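Enquirer: First, the structure itself, so that you have it in front of you.
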Number of protein chains: 2
Amino acid sequence: MSLKHLILAVVGTRPATGYEITKEFDEVAGFYWRATHQQVYRELAALAEAGLVRFKEVEQQGKPDKKVYTITAKGRRAFADWFREPPEAPRHADPLMIKFFAAELVGIEDLRAQLALARERHAALLATFEAIEAKYYAEPVDEMPRWKKLIYLTLRLGITRERAWLRWAEESERVLRACE
Amino acid sequence: MSLKHLILAVVGTRPATGYEITKEFDEVAGFYWRATHQQVYRELAALAEAGLVRFKEVEQQGKPDKKVYTITAKGRRAFADWFREPPEAPRHADPLMIKFFAAELVGIEDLRAQLALARERHAALLATFEAIEAKYYAEPVDEMPRWKKLIYLTLRLGITRERAWLRWAEESERVLRACE
DNA sequence: AGGACCTATGCTACAAGGTGCATAGGTGGT
DNA sequence: ACCACCTATGCACCTTGTAGCATAGGTCCT
């Protein structure tokens with residue numbers, strides 16, 4: 001799986017606690033990955049067990065103690081090895097497609113309602129992405145530092161994907177309107 | 001999950017064996033869903049257990065016996081109820097995004113190689129989709145029977161998505177070329 | 001004659017992902 | 001005073017997905 005590698009990537013950039021990593025994933029949810037805090041804590045424990053990260057327990061006042069994780073040399077090697085493997089196919093599973101597939105059994109009217117709802121969701125997600133772009137990535141790409149370019153490109157994929165989805169939805173709504 | 005509902009959708013259209021359902025999924029793999037035969041058999045057993053489908057064992061000559069599954073009234077109701085629920089968000093998890101996120105740790109050169117490989121894969125998938133479109137969906141949409149329109153639209157989503165991905169990849173390759 | 005592949009179902013085991021619950025003090029608002 | 005939320009970690013359980021193996025006759029090619 002890849003959550004493991006995403007976590008390695010994060011602690012490879014800077015020391016971090018499970019809580020911080022989870023928050024980061026929540027904030028960019030849907031934009032490149034998502035994970036619950038349990039998944040993150042579980043993975044961190046497994047990575048520590050495997051010697052790919054290590055942690056220091058840090059006492060805090062007024063807050064629970066925390067574990068700050070750092071990548072190890074072995075972790076860096078493991079990450080670089082994974083990086084150079086041929087890319088895994090992306091997964092997309094869209095339950096709406098099942099509804100298209102089986103709309104005859106239930107009714108076109110209900111499918112139209114489903115599509116309209118899904119379109120709202122995708123439009124809202126696109127608006128979020130565009131707001132992030134306008135706020136944090138306003139300057140021309142070639143003026144960004146390299147690390148920022150790379151993150152920006154992941155955001156661009158989200159934007160491109162959502163725009164494409166919305167174009168498809170318009171096409172589909174036209175076809176469904178012409179039905180029956 | 002939705003595999004359950006996809007299987008209900010299939011046996012709602014016509015009686016089918018686990019083997020046939022698996023083959024159908026294999027043939028349209030990536031285009032709207034994918035599943036291994038073990039998942040299908042396991043789900044069918046669970047659906048039968050829950051009374052949403054029933055099966056008849058059919059003896060065959062020269063071939064193993066098979067179980068032909070049919071949807072029950074309860075299964076139809078369960079499917080219709082699920083259909084009318086608000087659509088679940090589609091999931092897309094692309095490990096390539098992790099590589100973008102962490103390319104600084106490994107090197108831009110390796111990222112370029114990864115992107116080039118991924119672009120080949122996506123281009124091949126698009127070509128497959130377009131070949132299916134040219135072969136089976138050559139006539140104008142409004143002349144298709146309704147069930148065919150619906151399936152065609154799921155194919156259209158695949159095509160739209162892959163084209164969008166390739167546009168993004170071109171944009172990204174330009175940016176990466178300008179790096180360093 | 002032998003090998004590869006097709007039809008057809010299934011078990012076991014494991015990996016990955018997700019839900020719910022628990023703990024526990026601190027902060028900020030009404 | 002109370003409620004809601006934040007920081008911070010974790011266990012137990014359940015579902016979903018993947019991999020390997022097993023069975024067993026039939027077809028098709030070389």
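Quick note on naming: the chains in the structure tokens go A, B, ... in the order shown, residues restart at 1 in each chain, and ligands are numbered from 1 in order of appearance.
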Taking only C-alpha atoms (C1' of nucleotides) into account, report as a PyMOL selection string which residues of chain C lie within 8 Å of chain B.
Expert: chain C and resi 7-9
Enquirer: What are the residues of chain B that have an atom within 7 Å of an atom of chain A, counting only C-alpha atoms, as a PyMOL selection string?
Expert: chain B and resi 2+6+9+32-33+80+83-84+86-88+90-102+104+106+110+114+118+147+150-151+153-154+157+160-161+164+168+172
Enquirer: With chain B as the partner and 9 Å as the cut-off, tabulate the residues of chain D that qualify, each row holding the nearest pair of atoms and their distance in Å to one decimal, using only C-alpha atoms (C1' of nucleotides), sorted by chain and rising number, as a Markdown table.
Expert:
```
| residue | atom | partner | partner_atom | distance |
| --- | --- | --- | --- | --- |
| D:DT15 | C1' | B:Met1 | CA | 8.3 |
| D:DT16 | C1' | B:Met1 | CA | 7.8 |
| D:DG17 | C1' | B:Gln39 | CA | 7.7 |
| D:DT18 | C1' | B:Thr36 | CA | 8.4 |
| D:DA24 | C1' | B:Pro64 | CA | 7.8 |
| D:DG25 | C1' | B:Gly62 | CA | 6.1 |
| D:DG26 | C1' | B:Gly62 | CA | 5.9 |
```
Enquirer: Could you give me the residues within range 115-179 of chain B that DSSP places in alpha helix (DSSP H), as a PyMOL selection string?
Expert: chain B and resi 115-136+146-177
Enquirer: Figure out the distance between CA of Arg14 in chain B and CA of Val40 in chain B, please, to one decimal in Å.
Expert: 16.0 Å
